[in-house]
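Structure file entry_29.txt; described as compact mmCIF, C-alpha atoms.
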```txt
# COMPACT_ATOMS: atom_id res chain seq x y z
CA MET A 28 42.38 101.98 113.32
CA SER A 29 45.01 100.27 111.21
CA THR A 30 44.01 99.74 107.59
CA GLN A 31 46.48 96.87 107.16
CA GLN A 32 45.27 94.30 109.66
CA PRO A 33 41.63 94.42 110.83
CA LEU A 34 40.99 93.97 114.52
CA TRP A 35 39.08 90.75 115.13
CA VAL A 36 36.57 91.23 117.96
CA ALA A 37 34.32 88.56 119.48
CA VAL A 38 31.16 89.51 121.35
CA GLU A 39 30.66 87.06 124.20
CA GLY A 40 28.32 86.55 127.10
CA PRO A 41 25.62 84.39 128.66
CA ALA A 42 22.40 83.45 126.91
CA GLY A 43 20.05 86.41 126.75
CA ALA A 44 22.69 89.09 127.22
CA GLY A 45 21.80 90.59 123.84
CA LYS A 46 25.00 89.76 121.98
CA THR A 47 23.46 89.44 118.51
CA TYR A 48 21.40 92.61 118.88
CA LEU A 49 24.38 94.64 120.09
CA SER A 50 26.74 93.11 117.51
CA ARG A 51 24.46 94.18 114.69
CA LEU A 52 24.13 97.68 116.09
CA LEU A 53 27.90 97.97 116.41
CA ALA A 54 28.48 96.66 112.89
CA ARG A 55 25.94 99.12 111.52
CA GLN A 56 27.72 101.94 113.33
CA TYR A 57 31.08 101.10 111.71
CA GLY A 58 29.41 100.60 108.33
CA ALA A 59 31.60 99.47 105.43
CA GLN A 60 34.65 99.40 107.73
CA CYS A 61 33.22 96.39 109.61
CA VAL A 62 32.46 92.80 108.59
CA LEU A 63 30.00 90.95 110.81
CA VAL A 64 30.47 87.20 111.31
CA ASP A 65 27.05 85.88 112.26
CA GLU A 66 26.50 83.48 115.14
CA ILE A 67 26.47 79.87 113.91
CA CYS A 68 22.93 79.25 115.18
CA ASN A 69 21.68 81.92 112.79
CA TYR A 70 22.88 80.14 109.63
CA GLY A 71 20.29 78.61 107.33
CA PRO A 72 19.63 74.87 106.90
CA ASP A 73 21.32 74.88 103.50
CA THR A 74 24.69 75.74 105.06
CA LEU A 75 27.18 73.43 106.76
CA GLU A 76 26.90 75.51 109.92
CA GLY A 77 23.12 75.18 109.94
CA GLN A 78 23.29 71.44 109.35
CA VAL A 79 25.77 70.86 112.17
CA VAL A 80 23.72 72.97 114.59
CA SER A 81 20.54 71.12 113.56
CA ALA A 82 22.26 67.81 114.24
CA LEU A 83 23.42 68.97 117.67
CA ALA A 84 19.96 70.32 118.48
CA ALA A 85 18.10 67.24 117.18
CA GLY A 86 17.42 66.05 120.72
CA GLY A 87 15.66 69.31 121.55
CA ASP A 88 18.32 70.82 123.82
CA LEU A 89 18.59 74.57 123.25
CA PHE A 90 22.20 74.53 124.47
CA LEU A 91 23.17 71.89 121.87
CA ARG A 92 23.89 69.21 124.48
CA THR A 93 23.79 65.75 122.94
CA GLY A 94 25.29 63.69 125.76
CA HIS A 95 28.61 63.55 123.90
CA PRO A 96 30.35 66.75 125.05
CA VAL A 97 33.76 65.99 123.54
CA ALA A 98 32.25 65.44 120.09
CA GLU A 99 30.16 68.60 120.51
CA THR A 100 33.25 70.59 121.43
CA LEU A 101 35.23 69.39 118.42
CA ALA A 102 32.33 70.10 116.05
CA LEU A 103 31.86 73.61 117.39
CA LEU A 104 35.58 74.36 117.28
CA ALA A 105 35.65 73.20 113.66
CA LEU A 106 32.87 75.67 112.83
CA LYS A 107 34.80 78.47 114.52
CA ALA A 108 37.89 77.59 112.49
CA ARG A 109 35.75 77.57 109.36
CA ALA A 110 34.39 81.04 110.18
CA TRP A 111 37.92 82.41 110.36
CA SER A 112 39.16 80.66 107.20
CA ALA A 113 36.14 81.85 105.21
CA MET A 114 36.75 85.49 106.08
CA HIS A 115 38.59 87.55 103.47
CA PRO A 116 38.15 91.18 104.52
CA GLY A 117 38.69 93.83 101.91
CA PRO A 118 41.26 96.61 102.11
CA GLY A 119 38.78 98.99 103.71
CA THR A 120 37.87 96.63 106.54
CA ARG A 121 39.02 97.83 109.93
CA LEU A 122 37.00 95.56 112.17
CA VAL A 123 35.85 91.95 111.97
CA LEU A 124 33.07 91.44 114.50
CA GLU A 125 32.27 87.85 115.47
CA ASP A 126 28.97 87.18 117.22
CA ARG A 127 30.17 84.52 119.69
CA GLY A 128 33.79 83.52 119.16
CA PRO A 129 35.95 80.61 120.35
CA ALA A 130 35.47 81.65 123.98
CA THR A 131 31.80 80.71 123.67
CA VAL A 132 32.82 77.14 122.95
CA ALA A 133 35.35 77.24 125.78
CA ALA A 134 33.00 78.64 128.43
CA CYS A 135 29.85 76.77 127.48
CA GLN A 136 31.49 73.40 126.92
CA ALA A 137 33.43 73.75 130.16
CA ALA A 138 30.05 74.23 131.84
CA VAL A 139 28.67 71.16 130.03
CA LEU A 140 31.65 69.05 131.07
CA HIS A 141 31.56 70.33 134.67
CA PRO A 142 27.89 71.01 135.54
CA SER A 143 28.75 71.15 139.23
CA GLY A 144 32.49 71.53 138.94
CA THR A 145 34.75 73.87 140.85
CA ARG A 146 36.01 77.14 139.47
CA ALA A 147 39.38 75.46 138.94
CA ASP A 148 37.68 72.74 136.89
CA LEU A 149 35.88 75.31 134.74
CA LEU A 150 38.90 77.49 134.13
CA GLY A 151 41.24 74.60 133.42
CA THR A 152 38.89 73.08 130.85
CA ALA A 153 38.06 76.44 129.26
CA ARG A 154 41.77 77.15 128.88
CA MET A 155 42.33 73.78 127.20
CA ILE A 156 39.46 74.36 124.76
CA LEU A 157 40.77 77.80 123.87
CA ALA A 158 44.23 76.35 123.32
CA ALA A 159 42.69 73.76 121.00
CA ALA A 160 40.89 76.54 119.11
CA ALA A 161 44.18 78.36 118.63
CA TRP A 162 45.63 75.39 116.74
CA SER A 163 43.36 76.10 113.79
CA ARG A 164 42.80 79.87 113.89
CA PRO A 165 44.03 82.97 115.65
CA LEU A 166 42.11 83.94 118.75
CA PRO A 167 40.33 87.31 118.65
CA GLY A 168 42.39 90.35 119.48
CA LEU A 169 39.55 91.53 121.73
CA ASN A 170 36.64 89.81 123.47
CA LEU A 171 33.73 91.95 124.63
CA LEU A 172 31.99 90.16 127.50
CA ILE A 173 28.41 91.46 127.72
CA THR A 174 26.62 90.79 131.00
CA ASP A 175 23.32 91.80 132.57
CA GLU A 176 21.08 90.98 135.49
CA PRO A 177 20.10 87.28 135.34
CA ALA A 178 16.37 88.11 135.26
CA ALA A 179 16.85 90.41 132.25
CA CYS A 180 18.86 87.75 130.41
CA GLU A 181 16.22 85.11 131.11
CA GLN A 182 13.46 87.40 129.91
CA ARG A 183 15.26 88.03 126.61
CA PHE A 184 16.07 84.34 126.19
CA THR A 185 12.45 83.33 126.68
CA ALA A 186 11.21 86.04 124.33
CA ARG A 187 13.65 84.88 121.64
CA THR A 188 13.20 81.13 121.95
CA GLY A 189 9.66 80.82 123.25
CA HIS A 190 10.91 78.50 125.99
CA PRO A 191 10.94 79.27 129.72
CA VAL A 192 14.26 78.95 131.50
CA THR A 193 14.43 75.76 133.55
CA ALA A 194 16.49 75.22 136.68
CA GLY A 195 18.97 73.13 134.69
CA MET A 196 19.36 75.82 132.04
CA ARG A 197 19.84 78.43 134.74
CA ALA A 198 22.55 76.36 136.42
CA MET A 199 24.41 75.88 133.16
CA THR A 200 24.18 79.59 132.35
CA GLN A 201 25.65 80.42 135.75
CA GLN A 202 28.53 77.99 135.21
CA ALA A 203 29.21 79.36 131.72
CA LEU A 204 29.20 82.93 133.01
CA ALA A 205 31.67 81.97 135.74
CA ALA A 206 33.93 80.47 133.06
CA TYR A 207 33.64 83.62 130.93
CA GLU A 208 34.51 85.84 133.88
CA MET A 209 37.54 83.74 134.80
CA LEU A 210 38.79 83.80 131.20
CA ALA A 211 38.46 87.58 131.24
CA GLN A 212 40.41 87.81 134.50
CA ASP A 213 42.98 85.37 133.12
CA ASP A 214 43.80 87.51 130.07
CA PRO A 215 42.70 91.11 130.71
CA ALA A 216 44.59 92.47 127.69
CA ARG A 217 42.18 90.61 125.40
CA TRP A 218 38.97 91.12 127.35
CA THR A 219 36.68 94.01 128.23
CA VAL A 220 33.67 93.33 130.46
CA ILE A 221 30.63 95.52 129.82
CA SER A 222 27.55 95.28 132.03
CA ARG A 223 24.15 96.27 130.68
CA ALA A 224 22.72 96.53 134.18
CA GLY A 225 21.41 100.04 134.71
CA GLN A 226 22.63 101.21 131.31
CA GLY A 227 20.76 102.06 128.14
CA THR A 228 21.60 100.61 124.76
CA ASP A 229 23.40 103.79 123.66
CA GLN A 230 25.66 103.65 126.71
CA VAL A 231 26.51 100.00 126.16
CA LEU A 232 27.17 100.61 122.48
CA ALA A 233 29.43 103.55 123.35
CA ALA A 234 31.42 101.34 125.74
CA MET A 235 31.79 98.66 123.07
CA THR A 236 32.94 101.24 120.52
CA ALA A 237 35.46 102.72 122.95
CA ALA A 238 36.92 99.29 123.71
CA CYS A 239 37.26 98.45 120.00
CA ASP A 240 38.86 101.78 119.17
CA LEU A 241 41.31 101.49 122.05
CA ALA A 242 42.30 97.93 121.12
CA ALA A 243 42.77 98.91 117.48
CA ARG A 244 45.12 101.75 118.43
CA GLU A 245 47.37 99.46 120.44
CA PRO A 246 50.41 97.97 118.68
CA GLU A 247 49.72 94.57 117.19
CA GLN A 248 52.40 92.97 119.34
CA SER A 249 50.42 93.81 122.48
CA ARG A 250 47.71 91.41 121.28
CA ALA A 251 50.06 88.70 120.02
```

Output the file's structure in the form of structure tokens.
Amino acid sequence: MSTQQPLWVAVEGPAGAGKTYLSRLLARQYGAQCVLVDEICNYGPDTLEGQVVSALAAGGDLFLRTGHPVAETLALLALKARAWSAMHPGPGTRLVLEDRGPATVAACQAAVLHPSGTRADLLGTARMILAAAAWSRPLPGLNLLITDEPAACEQRFTARTGHPVTAGMRAMTQQALAAYEMLAQDDPARWTVISRAGQGTDQVLAAMTAACDLAAREPEQSRA
């Protein structure tokens, strides 16, 4: 890995895929060479991130839907820009690992805006949101899209939140996953898709490590 410019990696995927769990394992594996950027929903109430998330979740929606999707999108993009601007990695940092990056906003908000939209609707909107994100921060050099069987994702989601998955939540998750997959197909140089289905944690972690190491060895211009 280059010691001059850390590789910025975002861990993406549908609700319940295990992104936070795997991100923390990967960060622990790289040790002092990695800086972990926590997911915005994990910030405390005394932080700006926590206060914005609390405001978006005030209506009780676990997916932060307020009925004002454009305002939600702008608020979430602002938090993603803030995460990048607040990061000042030291000289020994080789990897910045972001638990849910700008593509989360793009995929999930595209699903909110097009709950029954076509694939073209989803991809077009997700592209526009990513382009908006790029006005205020660089996009990650690599996105790791973590997927799993829907039943496994729902089981993890329910265990974490204490809420059963409703039909509406399931439909939105499916739309968001479709948007993620199309973004990955749209820009394969920046995306690696890793399925947890049939694989143990060690295997998934090894695949994530291999993707990060490969991306970090590539010339910077290949990710520009």

- Query: In Å, how far is it from atom CA of Gly43 of chain A to atom CA of Ile67 of chain A?
  - Reply: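 Going from atom CA of Gly43 of chain A over to atom CA of Ile67 of chain A covers 15.8 Å.
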
- Message: I'd like to know which of A:Leu91, A:Met196, A:Val80, A:Ala138 is closest to Pro177 of chain A, using only C-alpha atoms.
- Response: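 Under the stated criterion, the closest residue is A:Met196.
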
- Go ahead and compute the interatomic distance for atom CA of Pro96 of chain A and atom CA of Ser163 of chain A, in Å to one decimal. 19.6 Å

- Task: Go through A:Ala234, A:Arg197, A:His141, A:Gln56 and flag the residue nearest Thr185 of chain A, using all atoms listed in the file for the distances.
- Result: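 For Thr185 of chain A, the nearest of the candidates is A:Arg197.
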
- Message: With distances taken over all atoms listed in the file, which residue among A:Leu106, A:Cys180, A:Ala98, A:Gly189 lies nearest Ser222 of chain A?
- Response: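 For Ser222 of chain A, the nearest of the given residues is A:Cys180.
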
- Item | Residue with smallest distance to Gly144 of chain A - pool A:Gln202, A:Thr47, A:Asn69, A:Thr74, counting all atoms listed in the file |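 Closest to Gly144 of chain A, using all atoms listed in the file: A:Gln202.
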
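The two atoms in question, atom CA of Ala179 of chain A and atom CA of Gly225 of chain A, are spaced 10.9 Å apart.
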
- Message: Taking 2 positions as the minimum chain separation for residues in the same chain, which residues sit within 9 Å of Ile221 of chain A when counting only C-alpha atoms? Answer as a PyMOL selection string.
- Response: chain A and resi 171-175+219+223+231+234-235

Residues from last step as file, C-alpha atoms, as a PDB file, in the frame of the given file:
```pdb
ATOM      1  CA  LEU A 171      33.730  91.950 124.630  1.00  0.00           C
ATOM      2  CA  LEU A 172      31.990  90.160 127.500  1.00  0.00           C
ATOM      3  CA  ILE A 173      28.410  91.460 127.720  1.00  0.00           C
ATOM      4  CA  THR A 174      26.620  90.790 131.000  1.00  0.00           C
ATOM      5  CA  ASP A 175      23.320  91.800 132.570  1.00  0.00           C
ATOM      6  CA  THR A 219      36.680  94.010 128.230  1.00  0.00           C
ATOM      7  CA  ARG A 223      24.150  96.270 130.680  1.00  0.00           C
ATOM      8  CA  VAL A 231      26.510 100.000 126.160  1.00  0.00           C
ATOM      9  CA  ALA A 234      31.420 101.340 125.740  1.00  0.00           C
ATOM     10  CA  MET A 235      31.790  98.660 123.070  1.00  0.00           C
TER      11      MET A 235
END
```

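The nearest approach to Leu75 of chain A among the residues A:Val192, A:Arg121, A:Leu52, A:Ala102, with all atoms listed in the file taken into account, belongs to A:Ala102.
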
- Query: Out of A:Gly77, A:Pro215, A:Gly117, A:Pro41, which residue has the shortest atom-to-atom distance to Phe90 of chain A when counting all atoms listed in the file?
  - Reply: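 Closest to Phe90 of chain A of all the choices is A:Pro41.
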
- Message: Show me, as a list in words, the residues that have an atom within 8 Å of Ala242 of chain A when counting all atoms listed in the file, minus same-chain residues fewer than 5 positions from it.
- Response: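 Everything that qualifies: Leu34, Gly168 and Leu169 of chain A.
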
- Task: Show which residues sit within 9 Å of Pro191 of chain A, as number ranges by chain. Count all atoms listed in the file, and ignore same-chain residues fewer than 6 positions away.
- Result: A: 181-182, 184-185

Can you check which parts of segment 126-202 of chain A lie within 12 Å of segment 208-212 of chain A? Per residue, the shortest pair of atoms and distance in Å to one decimal, counting all atoms listed in the file, sorted by chain and number, as a Markdown table.
```
| residue | atom | partner | partner_atom | distance |
| --- | --- | --- | --- | --- |
| A:Pro129 | CA | A:Leu210 | CA | 11.7 |
| A:Ala130 | CA | A:Leu210 | CA | 8.2 |
| A:Thr131 | CA | A:Leu210 | CA | 10.7 |
| A:Ala133 | CA | A:Leu210 | CA | 9.2 |
| A:Ala134 | CA | A:Leu210 | CA | 8.2 |
| A:Cys135 | CA | A:Leu210 | CA | 12.0 |
| A:Ala137 | CA | A:Leu210 | CA | 11.4 |
| A:Thr145 | CA | A:Met209 | CA | 11.9 |
| A:Arg146 | CA | A:Met209 | CA | 8.2 |
| A:Ala147 | CA | A:Met209 | CA | 9.4 |
| A:Asp148 | CA | A:Met209 | CA | 11.2 |
| A:Leu149 | CA | A:Met209 | CA | 8.6 |
| A:Leu150 | CA | A:Met209 | CA | 6.4 |
| A:Gly151 | CA | A:Leu210 | CA | 9.8 |
| A:Thr152 | CA | A:Leu210 | CA | 10.7 |
| A:Ala153 | CA | A:Leu210 | CA | 7.6 |
| A:Arg154 | CA | A:Leu210 | CA | 7.6 |
| A:Met155 | CA | A:Leu210 | CA | 11.4 |
| A:Ile156 | CA | A:Leu210 | CA | 11.4 |
| A:Leu157 | CA | A:Leu210 | CA | 9.7 |
| A:Leu169 | CA | A:Ala211 | CA | 10.4 |
| A:Asn170 | CA | A:Ala211 | CA | 8.3 |
| A:Leu171 | CA | A:Ala211 | CA | 9.2 |
| A:Leu172 | CA | A:Ala211 | CA | 7.9 |
| A:Ile173 | CA | A:Glu208 | CA | 10.3 |
| A:Thr174 | CA | A:Glu208 | CA | 9.7 |
| A:Gln201 | CA | A:Glu208 | CA | 10.6 |
| A:Gln202 | CA | A:Glu208 | CA | 10.0 |
```
